[in-house]
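Have a look at run.csv below; it lists CSV, C-alpha atoms.
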```
chain,number,residue,atom,x,y,z
D,278,MET,CA,-14.8,3.1,-24.8
D,279,HIS,CA,-13.0,3.4,-28.1
D,280,PHE,CA,-9.9,5.5,-28.1
D,281,SER,CA,-10.3,6.5,-31.7
D,282,ASP,CA,-13.5,8.4,-30.8
D,283,TYR,CA,-11.4,11.0,-29.1
D,284,ALA,CA,-8.3,11.2,-31.3
D,285,ARG,CA,-9.4,14.5,-32.8
D,286,TYR,CA,-9.4,16.2,-29.4
D,287,ILE,CA,-5.8,15.2,-28.6
D,288,SER,CA,-3.2,17.8,-29.4
D,289,ALA,CA,-0.4,19.8,-28.0
D,290,GLU,CA,-3.0,22.3,-26.7
D,291,THR,CA,-5.1,19.7,-24.8
D,292,LEU,CA,-2.4,17.3,-23.5
D,293,MET,CA,-0.3,18.3,-20.5
D,294,GLY,CA,1.8,15.1,-20.3
D,295,PRO,CA,1.5,11.5,-21.4
D,296,ASN,CA,-1.8,10.9,-23.2
D,297,SER,CA,-4.5,11.2,-20.5
D,298,VAL,CA,-7.2,9.7,-22.7
D,299,ARG,CA,-5.0,6.5,-23.2
D,300,ILE,CA,-4.6,6.2,-19.4
D,301,LEU,CA,-8.4,6.8,-18.9
D,302,GLU,CA,-9.1,4.2,-21.5
D,303,GLU,CA,-7.3,1.5,-19.5
D,304,LEU,CA,-9.0,2.6,-16.2
D,305,PHE,CA,-12.4,2.3,-17.9
D,306,ARG,CA,-11.6,-1.0,-19.5
D,307,LYS,CA,-10.6,-2.5,-16.2
D,308,TYR,CA,-13.3,-0.8,-14.1
D,309,PRO,CA,-16.1,0.6,-16.2
D,310,LEU,CA,-18.3,3.1,-14.4
D,311,GLN,CA,-22.0,2.3,-14.4
D,312,LEU,CA,-23.6,5.6,-13.8
D,313,ALA,CA,-27.0,7.3,-14.3
D,314,ALA,CA,-27.6,10.7,-15.8
D,315,GLU,CA,-28.3,12.2,-12.4
D,316,ASP,CA,-25.1,10.9,-10.9
D,317,GLN,CA,-22.1,13.2,-10.4
D,318,VAL,CA,-18.5,12.5,-11.1
D,319,LEU,CA,-15.6,14.6,-9.8
D,320,ASP,CA,-12.7,14.9,-12.3
D,321,LEU,CA,-10.0,16.0,-9.9
D,322,GLY,CA,-7.0,17.7,-11.6
D,323,CYS,CA,-8.7,17.7,-15.0
D,324,GLY,CA,-6.2,20.0,-16.7
D,325,THR,CA,-7.7,21.2,-20.0
D,326,GLY,CA,-10.8,19.1,-19.5
D,327,LEU,CA,-9.9,16.4,-22.0
D,328,THR,CA,-10.6,13.6,-19.4
D,329,SER,CA,-13.8,15.4,-18.4
D,330,LEU,CA,-15.0,15.2,-22.0
D,331,VAL,CA,-14.4,11.5,-22.1
D,332,ILE,CA,-16.0,10.8,-18.7
D,333,ALA,CA,-19.1,12.8,-19.8
D,334,LYS,CA,-19.4,11.0,-23.1
D,335,GLU,CA,-18.7,7.5,-21.7
D,336,THR,CA,-20.8,7.6,-18.6
D,337,GLY,CA,-23.6,10.0,-19.4
D,338,ALA,CA,-23.3,11.4,-15.8
D,339,LYS,CA,-22.8,15.0,-14.8
D,340,VAL,CA,-19.1,15.9,-14.4
D,341,CYS,CA,-17.5,18.5,-12.2
D,342,ALA,CA,-14.1,19.3,-13.8
D,343,ASN,CA,-11.8,20.7,-11.2
D,344,ASP,CA,-8.3,22.0,-11.7
D,345,LEU,CA,-6.1,24.4,-9.8
D,346,TRP,CA,-3.9,25.5,-12.7
D,347,ILE,CA,-6.4,25.9,-15.5
D,348,GLY,CA,-9.1,28.5,-15.0
D,349,ALA,CA,-12.8,27.6,-15.0
D,350,GLU,CA,-13.6,30.1,-17.6
D,351,GLU,CA,-11.1,28.7,-20.0
D,352,ASN,CA,-12.3,25.2,-19.6
D,353,ALA,CA,-15.9,26.3,-19.8
D,354,ARG,CA,-15.2,27.7,-23.3
D,355,ARG,CA,-13.7,24.3,-24.3
D,356,PHE,CA,-16.7,22.3,-22.9
D,357,LYS,CA,-19.1,24.5,-24.9
D,358,ASP,CA,-17.1,24.1,-28.1
D,359,TRP,CA,-17.0,20.3,-27.5
D,360,GLY,CA,-20.8,20.2,-27.0
D,361,VAL,CA,-20.8,19.1,-23.3
D,362,GLY,CA,-21.2,22.5,-21.7
D,363,GLN,CA,-24.5,21.5,-20.1
D,364,GLN,CA,-23.1,18.3,-18.7
D,365,VAL,CA,-19.7,19.4,-17.5
D,366,THR,CA,-19.2,22.1,-14.9
D,367,PRO,CA,-15.7,23.6,-14.5
D,368,SER,CA,-14.3,24.7,-11.1
D,369,CYS,CA,-10.9,25.9,-9.9
D,370,GLU,CA,-10.2,24.8,-6.3
D,371,ASP,CA,-7.3,23.5,-4.3
D,372,ALA,CA,-7.6,19.7,-3.7
D,373,ASN,CA,-6.7,20.3,-0.1
D,374,ASP,CA,-9.7,22.7,0.4
D,375,LEU,CA,-12.6,21.5,-1.8
D,376,SER,CA,-16.0,23.1,-1.1
D,377,PHE,CA,-18.3,20.5,-2.6
D,378,ASP,CA,-21.2,19.0,-0.6
D,379,LYS,CA,-20.6,16.0,1.5
D,380,LYS,CA,-21.3,12.7,-0.3
D,381,GLN,CA,-21.9,14.6,-3.5
D,382,PHE,CA,-20.1,12.3,-5.9
D,383,GLN,CA,-20.8,8.8,-7.0
D,384,ALA,CA,-17.4,8.5,-8.6
D,385,LEU,CA,-14.1,10.3,-8.7
D,386,VAL,CA,-11.5,10.2,-11.5
D,387,SER,CA,-8.0,11.7,-11.4
D,388,VAL,CA,-5.5,11.2,-14.3
D,389,ASP,CA,-1.9,12.4,-14.1
D,390,SER,CA,-2.5,14.8,-11.2
D,391,TYR,CA,-3.2,13.0,-7.9
D,392,HIS,CA,0.5,12.6,-7.1
D,393,TYR,CA,0.9,16.4,-6.9
D,394,PHE,CA,-1.3,16.8,-3.8
D,395,ALA,CA,-2.2,13.4,-2.3
D,396,GLY,CA,1.1,11.6,-1.6
D,397,GLU,CA,0.7,11.6,2.2
D,398,PRO,CA,-1.1,9.0,4.3
D,399,GLY,CA,-4.5,10.3,5.5
D,400,PHE,CA,-5.1,12.6,2.5
D,401,PHE,CA,-7.7,10.3,0.9
D,402,GLU,CA,-9.5,9.7,4.2
D,403,ASN,CA,-9.6,13.3,5.2
D,404,LYS,CA,-9.8,15.3,2.0
D,405,ILE,CA,-11.5,12.9,-0.5
D,406,LEU,CA,-13.6,10.4,1.3
D,407,PRO,CA,-16.1,12.9,2.8
D,408,PHE,CA,-17.3,13.9,-0.7
D,409,LEU,CA,-17.9,10.4,-1.9
D,410,ASN,CA,-21.3,8.7,-1.7
D,411,ASN,CA,-21.9,5.2,-0.4
D,412,LYS,CA,-20.8,2.6,-3.0
D,413,ALA,CA,-18.8,5.3,-4.9
D,414,GLU,CA,-15.9,4.2,-7.1
D,415,VAL,CA,-12.5,5.9,-7.5
D,416,LEU,CA,-10.3,5.6,-10.6
D,417,ILE,CA,-6.8,7.2,-10.5
D,418,GLY,CA,-3.9,7.0,-12.9
D,419,VAL,CA,-0.6,8.6,-11.9
D,420,PRO,CA,3.1,8.4,-13.0
D,421,GLY,CA,5.1,6.4,-10.5
D,422,ILE,CA,8.2,4.3,-9.9
D,423,LYS,CA,8.3,0.5,-10.4
D,424,ASP,CA,8.0,-1.5,-7.2
D,425,THR,CA,11.6,-2.7,-7.7
D,426,PHE,CA,12.9,0.8,-7.3
D,427,GLU,CA,10.7,2.1,-4.5
D,428,GLY,CA,12.6,4.5,-2.2
D,429,ARG,CA,15.1,5.4,-4.9
D,430,SER,CA,13.1,8.2,-6.8
D,431,ASP,CA,15.5,11.0,-5.8
D,432,GLU,CA,18.5,8.9,-6.8
D,433,LEU,CA,17.2,7.7,-10.1
D,434,LEU,CA,15.0,10.5,-11.4
D,435,SER,CA,16.2,13.8,-10.0
D,436,ALA,CA,18.1,14.7,-13.2
D,437,TRP,CA,14.8,14.6,-15.0
D,438,LEU,CA,12.3,15.7,-12.3
D,439,GLY,CA,14.4,17.8,-9.9
D,440,ASP,CA,12.8,18.4,-6.6
D,441,GLU,CA,9.6,16.7,-7.8
D,442,SER,CA,11.1,13.3,-7.9
D,443,TYR,CA,9.7,12.4,-4.5
D,444,MET,CA,6.2,12.4,-6.0
D,445,PHE,CA,6.9,9.2,-7.9
D,446,LYS,CA,5.8,6.3,-5.8
D,447,SER,CA,5.3,2.6,-6.5
D,448,PRO,CA,2.0,0.7,-6.8
D,449,LYS,CA,2.7,-1.0,-3.5
D,450,LEU,CA,3.3,2.3,-1.7
D,451,TRP,CA,0.2,4.0,-3.2
D,452,LYS,CA,-1.9,1.2,-1.8
D,453,GLU,CA,-0.5,1.9,1.6
D,454,ILE,CA,-1.0,5.7,1.2
D,455,ILE,CA,-4.7,5.2,0.3
D,456,GLY,CA,-5.0,3.2,3.5
D,457,SER,CA,-7.4,0.7,4.9
D,458,HIS,CA,-10.1,2.9,6.4
D,459,GLY,CA,-13.3,1.1,7.4
D,460,SER,CA,-15.3,2.8,4.8
D,461,LEU,CA,-13.2,1.3,2.0
D,462,GLU,CA,-14.4,-2.0,0.6
D,463,LYS,CA,-11.5,-2.5,-1.9
D,464,VAL,CA,-8.2,-0.8,-2.8
D,465,GLU,CA,-6.3,-2.1,-5.7
D,466,THR,CA,-3.1,-0.8,-7.4
D,467,TRP,CA,-1.3,-2.0,-10.5
D,468,GLU,CA,1.3,-1.2,-13.0
D,469,MET,CA,-0.6,0.0,-16.1
D,470,GLU,CA,-0.2,-1.4,-19.6
D,471,CYS,CA,-0.7,1.8,-21.5
D,472,PHE,CA,2.8,3.2,-20.7
D,473,ASP,CA,4.4,3.0,-24.1
D,474,ASN,CA,1.4,4.3,-26.0
D,475,ALA,CA,0.7,7.2,-23.6
D,476,TRP,CA,4.3,8.4,-23.8
D,477,SER,CA,4.7,8.0,-27.5
D,478,GLU,CA,1.5,10.0,-28.2
D,479,TRP,CA,2.8,12.8,-25.9
D,480,PHE,CA,6.1,12.9,-27.8
D,481,ALA,CA,4.2,13.0,-31.1
D,482,THR,CA,2.7,16.4,-30.2
D,483,ASN,CA,6.2,18.0,-30.3
D,484,HIS,CA,5.2,20.2,-27.3
D,485,GLU,CA,8.3,21.8,-25.8
D,486,TYR,CA,7.8,19.9,-22.6
D,487,ALA,CA,7.3,16.6,-24.5
D,488,LEU,CA,10.6,17.2,-26.2
D,489,GLY,CA,12.2,17.8,-22.9
D,490,ASP,CA,10.8,14.6,-21.5
D,491,LYS,CA,11.9,12.7,-24.6
D,492,ARG,CA,15.6,13.3,-23.7
D,493,TYR,CA,15.2,11.2,-20.6
D,494,PHE,CA,12.9,8.5,-21.9
D,495,GLU,CA,15.4,5.7,-22.6
D,496,THR,CA,17.7,6.4,-19.7
D,497,MET,CA,15.3,7.1,-16.8
D,498,ILE,CA,11.6,7.1,-17.7
D,499,LYS,CA,11.4,3.7,-19.5
D,500,PRO,CA,13.7,1.7,-17.2
D,501,TYR,CA,12.5,3.0,-13.8
D,502,THR,CA,9.0,4.4,-14.1
D,503,CYS,CA,5.5,3.3,-14.8
D,504,PHE,CA,1.9,4.5,-14.6
D,505,VAL,CA,0.2,3.4,-11.5
D,506,GLY,CA,-3.5,2.5,-11.7
D,507,ILE,CA,-5.5,2.9,-8.5
D,508,TYR,CA,-9.1,1.6,-7.9
D,509,VAL,CA,-11.0,2.2,-4.7
D,510,LYS,CA,-14.5,1.0,-3.9
D,511,ILE,CA,-16.4,2.7,-1.1
D,512,ARG,CA,-18.7,0.6,1.2
```
Just dump the structure as structure tokens.
Amino acid sequence: MHFSDYARYISAETLMGPNSVRILEELFRKYPLQLAAEDQVLDLGCGTGLTSLVIAKETGAKVCANDLWIGAEENARRFKDWGVGQQVTPSCEDANDLSFDKKQFQALVSVDSYHYFAGEPGFFENKILPFLNNKAEVLIGVPGIKDTFEGRSDELLSAWLGDESYMFKSPKLWKEIIGSHGSLEKVETWEMECFDNAWSEWFATNHEYALGDKRYFETMIKPYTCFVGIYVKIR
């Protein structure tokens, strides 16, 4: 994957936080998905569909772009404009109540959204695993707190995040939350390398939320937080 191939799609209208394409680039570099055209990928929490576009282009697979906050019709228009309307299908469902077929997906990708709905033990096993095929792969990138500061999210981040600070968990804790179900062949978590670039590219949009985040970058975001990469391989 070459980040520059997608630079023209990145803007204040398509980003909803730190650059999701930059985060996805690192996930794909570390664990490239080898998929066929008939395979299906669930992009869970796709936002404006930017990550869905990249997944479609990079893997050639069919993509289900699901988001609760952005309507399916709005994303469908974007996918058509981007030339992937036949390959990417938008949906608008709650991650706690997905209606897809069992074992439908050969891969799941979730960038900057999984922490909103999946931070409790048992969620992956009960809400995600049933929809994944044998040998499926999962790539997740979420904002989190560094291992050194685990358990101190409210103390260190509440001035920035308010009552959402509890969602920021460490790489070590995310591994525990995913769990060790017998159907899981491998679970790996790590502190991602794309932190500075993803944040600086978000700030460069001058989006009002980006400007709000920027006020806390040097005092809270940079010293205490990270992006957590998560990889899961299904048996």
Using all atoms listed in the file for the distances, tell me which of D:Asp320, D:Glu470, D:Asp344, D:Glu350 is nearest to Val415 of chain D.
D:Asp320
Could you pull the residues within 7 Å of Asn373 of chain D, counting all atoms listed in the file, minus those fewer than 2 positions along the same chain, as an MDAnalysis selection string?
chainID D and resid 371 375 404
Identify which of the residues D:Phe382, D:Tyr286, D:Phe280, D:Phe494 lies closest to Leu434 of chain D, counting all atoms listed in the file when measuring atom-to-atom distances.
D:Phe494
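For the residues D:Phe408, D:Tyr493, D:Phe504, D:Phe426, ranking by smallest atom-to-atom distance to Leu438 of chain D using all atoms listed in the file places D:Tyr493 first.
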So which one's closest to Lys379 of chain D, D:Leu409, D:Asn403, D:Asn352, D:Trp467? Using all atoms listed in the file, please.
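Answer, going by the shortest atom-to-atom distance: D:Leu409.
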Counting all atoms listed in the file, find the residues whose atoms lie at most 12 Å from (-4.6, -0.8, -9.6) (file coordinates) and write them out as number ranges by chain.
D: 303-305, 307-308, 415-419, 447-452, 455, 463-470, 504-510
Atom CA of Tyr283 of chain D to atom CA of Cys341 of chain D, straight-line distance in Å:
19.5 Å
For atom CA of Ser477 of chain D and atom CA of Thr425 of chain D, the interatomic separation in Å (one decimal):
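Separating atom CA of Ser477 of chain D from atom CA of Thr425 of chain D is a distance of 23.5 Å.
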What does the distance between atom CA of Val365 of chain D and atom CA of Val340 of chain D come to in Å, to one decimal place?
4.7 Å
What's around Asp440 of chain D at 12 Å? Count all atoms listed in the file, leave out sequence neighbours fewer than 6 positions away in its own chain, and write the answer as a ChimeraX atom specification.
/D:430-432,434
Of the candidates D:Asn483, D:Gln317, D:Thr325, D:Thr366, which shows the shortest atom-to-atom distance to Leu292 of chain D, using all atoms listed in the file?
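Going through D:Asn483, D:Gln317, D:Thr325, D:Thr366 one by one, the smallest distance to Leu292 of chain D is for D:Thr325.
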Leaving out Phe445 of chain D and any residue of its chain fewer than 4 positions from it, which residues lie within 8 Å of it when counting only C-alpha atoms, given as a PyMOL selection string?
chain D and resi 392+420-422+430+441
Can you tell me, as a PyMOL selection string, what residues are no more than 7 Å from Ser368 of chain D when counting all atoms listed in the file, ignoring any on the same chain fewer than 6 positions away?
chain D and resi 342-344+349
Within 10 Å of (2.8, 2.7, -23.6), in the coordinates the file gives, what residues turn up when you count all atoms listed in the file, written out as a short mmCIF file (atom, residue, chain, number, x, y, z; two decimals) with C-alpha atoms, in the coordinates of the input?
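The file below, part01.cif, is the result:
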```cif
data_model
loop_
_atom_site.label_atom_id
_atom_site.label_comp_id
_atom_site.auth_asym_id
_atom_site.auth_seq_id
_atom_site.Cartn_x
_atom_site.Cartn_y
_atom_site.Cartn_z
CA PRO D 295 1.50 11.50 -21.40
CA ASN D 296 -1.80 10.90 -23.20
CA ARG D 299 -5.00 6.50 -23.20
CA ILE D 300 -4.60 6.20 -19.40
CA MET D 469 -0.60 0.00 -16.10
CA GLU D 470 -0.20 -1.40 -19.60
CA CYS D 471 -0.70 1.80 -21.50
CA PHE D 472 2.80 3.20 -20.70
CA ASP D 473 4.40 3.00 -24.10
CA ASN D 474 1.40 4.30 -26.00
CA ALA D 475 0.70 7.20 -23.60
CA TRP D 476 4.30 8.40 -23.80
CA SER D 477 4.70 8.00 -27.50
CA GLU D 478 1.50 10.00 -28.20
CA LYS D 499 11.40 3.70 -19.50
CA CYS D 503 5.50 3.30 -14.80
CA PHE D 504 1.90 4.50 -14.60
#
```
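Here the question is which of D:Gly396, D:Ala384, D:Pro500, D:Tyr486 gets nearest to Ile332 of chain D using all atoms listed in the file, and that residue is D:Ala384.
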Determine, counting only C-alpha atoms, which protein, DNA and RNA residues have an atom within 10 Å of an atom of Asp490 of chain D; residues of the same chain fewer than 5 positions away are not included. Present the result as a PyMOL selection string.
chain D and resi 294-295+437-438+476+479-480+484-485+497-498
File output, segment 462-495 of chain D (N, CA, C and O atoms) as a short mmCIF file (atom, residue, chain, number, x, y, z; two decimals), in the first residue's frame:
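Saved to result.cif:
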```cif
data_model
loop_
_atom_site.label_atom_id
_atom_site.label_comp_id
_atom_site.auth_asym_id
_atom_site.auth_seq_id
_atom_site.Cartn_x
_atom_site.Cartn_y
_atom_site.Cartn_z
N GLU D 462 -6.40 -18.28 17.13
CA GLU D 462 -5.05 -18.83 16.95
C GLU D 462 -3.99 -17.87 17.46
O GLU D 462 -2.96 -18.28 18.02
N LYS D 463 -4.23 -16.56 17.28
CA LYS D 463 -3.23 -15.57 17.67
C LYS D 463 -3.91 -14.25 18.01
O LYS D 463 -4.83 -13.84 17.32
N VAL D 464 -3.45 -13.60 19.07
CA VAL D 464 -3.87 -12.25 19.42
C VAL D 464 -2.62 -11.45 19.73
O VAL D 464 -1.85 -11.81 20.61
N GLU D 465 -2.40 -10.38 18.99
CA GLU D 465 -1.24 -9.52 19.21
C GLU D 465 -1.69 -8.08 19.32
O GLU D 465 -2.55 -7.62 18.57
N THR D 466 -1.13 -7.35 20.27
CA THR D 466 -1.37 -5.92 20.39
C THR D 466 -0.03 -5.20 20.47
O THR D 466 0.95 -5.75 20.96
N TRP D 467 0.00 -3.96 19.98
CA TRP D 467 1.25 -3.20 20.00
C TRP D 467 0.96 -1.71 19.96
O TRP D 467 -0.14 -1.28 19.58
N GLU D 468 1.93 -0.92 20.37
CA GLU D 468 1.85 0.54 20.27
C GLU D 468 2.28 0.93 18.86
O GLU D 468 3.41 0.67 18.46
N MET D 469 1.39 1.57 18.12
CA MET D 469 1.63 1.81 16.70
C MET D 469 2.64 2.94 16.48
O MET D 469 2.79 3.84 17.32
N GLU D 470 3.29 2.89 15.32
CA GLU D 470 4.35 3.85 14.99
C GLU D 470 3.83 5.11 14.30
O GLU D 470 4.56 6.10 14.19
N CYS D 471 2.59 5.09 13.83
CA CYS D 471 2.07 6.16 12.99
C CYS D 471 1.50 7.34 13.78
O CYS D 471 0.90 8.25 13.20
N PHE D 472 1.68 7.34 15.08
CA PHE D 472 1.04 8.30 15.98
C PHE D 472 1.23 9.75 15.53
O PHE D 472 0.26 10.49 15.32
N ASP D 473 2.48 10.17 15.39
CA ASP D 473 2.75 11.58 15.07
C ASP D 473 2.17 12.00 13.72
O ASP D 473 1.55 13.06 13.59
N ASN D 474 2.35 11.16 12.71
CA ASN D 474 1.85 11.49 11.38
C ASN D 474 0.32 11.57 11.35
O ASN D 474 -0.26 12.49 10.77
N ALA D 475 -0.32 10.59 11.97
CA ALA D 475 -1.79 10.56 11.95
C ALA D 475 -2.38 11.78 12.64
O ALA D 475 -3.37 12.37 12.16
N TRP D 476 -1.78 12.18 13.74
CA TRP D 476 -2.28 13.36 14.45
C TRP D 476 -1.98 14.65 13.67
O TRP D 476 -2.85 15.51 13.54
N SER D 477 -0.77 14.79 13.15
CA SER D 477 -0.42 16.03 12.44
C SER D 477 -1.28 16.20 11.20
O SER D 477 -1.66 17.33 10.84
N GLU D 478 -1.62 15.10 10.53
CA GLU D 478 -2.47 15.19 9.33
C GLU D 478 -3.91 15.53 9.69
O GLU D 478 -4.62 16.18 8.90
N TRP D 479 -4.35 15.14 10.85
CA TRP D 479 -5.67 15.54 11.35
C TRP D 479 -5.67 17.04 11.65
O TRP D 479 -6.57 17.78 11.23
N PHE D 480 -4.63 17.51 12.33
CA PHE D 480 -4.54 18.94 12.63
C PHE D 480 -4.49 19.79 11.36
O PHE D 480 -5.02 20.90 11.32
N ALA D 481 -3.87 19.26 10.33
CA ALA D 481 -3.70 20.02 9.08
C ALA D 481 -5.02 20.30 8.38
O ALA D 481 -5.10 21.20 7.53
N THR D 482 -6.08 19.56 8.71
CA THR D 482 -7.38 19.80 8.09
C THR D 482 -8.04 21.07 8.61
O THR D 482 -8.97 21.59 7.98
N ASN D 483 -7.61 21.51 9.79
CA ASN D 483 -8.23 22.67 10.45
C ASN D 483 -9.71 22.46 10.76
O ASN D 483 -10.46 23.44 10.92
N HIS D 484 -10.12 21.21 10.83
CA HIS D 484 -11.48 20.91 11.27
C HIS D 484 -11.65 21.45 12.70
O HIS D 484 -10.70 21.47 13.48
N GLU D 485 -12.84 21.88 13.04
CA GLU D 485 -13.04 22.46 14.36
C GLU D 485 -12.71 21.48 15.48
O GLU D 485 -12.17 21.88 16.53
N TYR D 486 -13.00 20.19 15.27
CA TYR D 486 -12.65 19.21 16.29
C TYR D 486 -11.14 18.98 16.35
O TYR D 486 -10.58 18.73 17.42
N ALA D 487 -10.49 19.08 15.20
CA ALA D 487 -9.03 18.95 15.17
C ALA D 487 -8.38 20.08 15.95
O ALA D 487 -7.42 19.86 16.71
N LEU D 488 -8.90 21.28 15.78
CA LEU D 488 -8.36 22.42 16.50
C LEU D 488 -8.58 22.27 18.01
O LEU D 488 -7.75 22.68 18.82
N GLY D 489 -9.71 21.66 18.37
CA GLY D 489 -9.97 21.39 19.78
C GLY D 489 -8.99 20.38 20.35
O GLY D 489 -8.44 20.56 21.45
N ASP D 490 -8.73 19.31 19.59
CA ASP D 490 -7.76 18.30 20.03
C ASP D 490 -6.36 18.89 20.16
O ASP D 490 -5.60 18.54 21.06
N LYS D 491 -6.03 19.78 19.23
CA LYS D 491 -4.67 20.33 19.18
C LYS D 491 -4.29 21.05 20.47
O LYS D 491 -3.12 21.05 20.87
N ARG D 492 -5.27 21.61 21.15
CA ARG D 492 -5.00 22.32 22.41
C ARG D 492 -4.45 21.40 23.49
O ARG D 492 -3.78 21.84 24.41
N TYR D 493 -4.75 20.10 23.37
CA TYR D 493 -4.34 19.14 24.39
C TYR D 493 -3.19 18.25 23.96
O TYR D 493 -2.77 17.37 24.71
N PHE D 494 -2.68 18.47 22.76
CA PHE D 494 -1.71 17.52 22.21
C PHE D 494 -0.43 17.44 23.04
O PHE D 494 0.01 16.35 23.40
N GLU D 495 0.17 18.56 23.33
CA GLU D 495 1.45 18.55 24.04
C GLU D 495 1.31 18.18 25.51
O GLU D 495 2.23 17.59 26.10
#
```
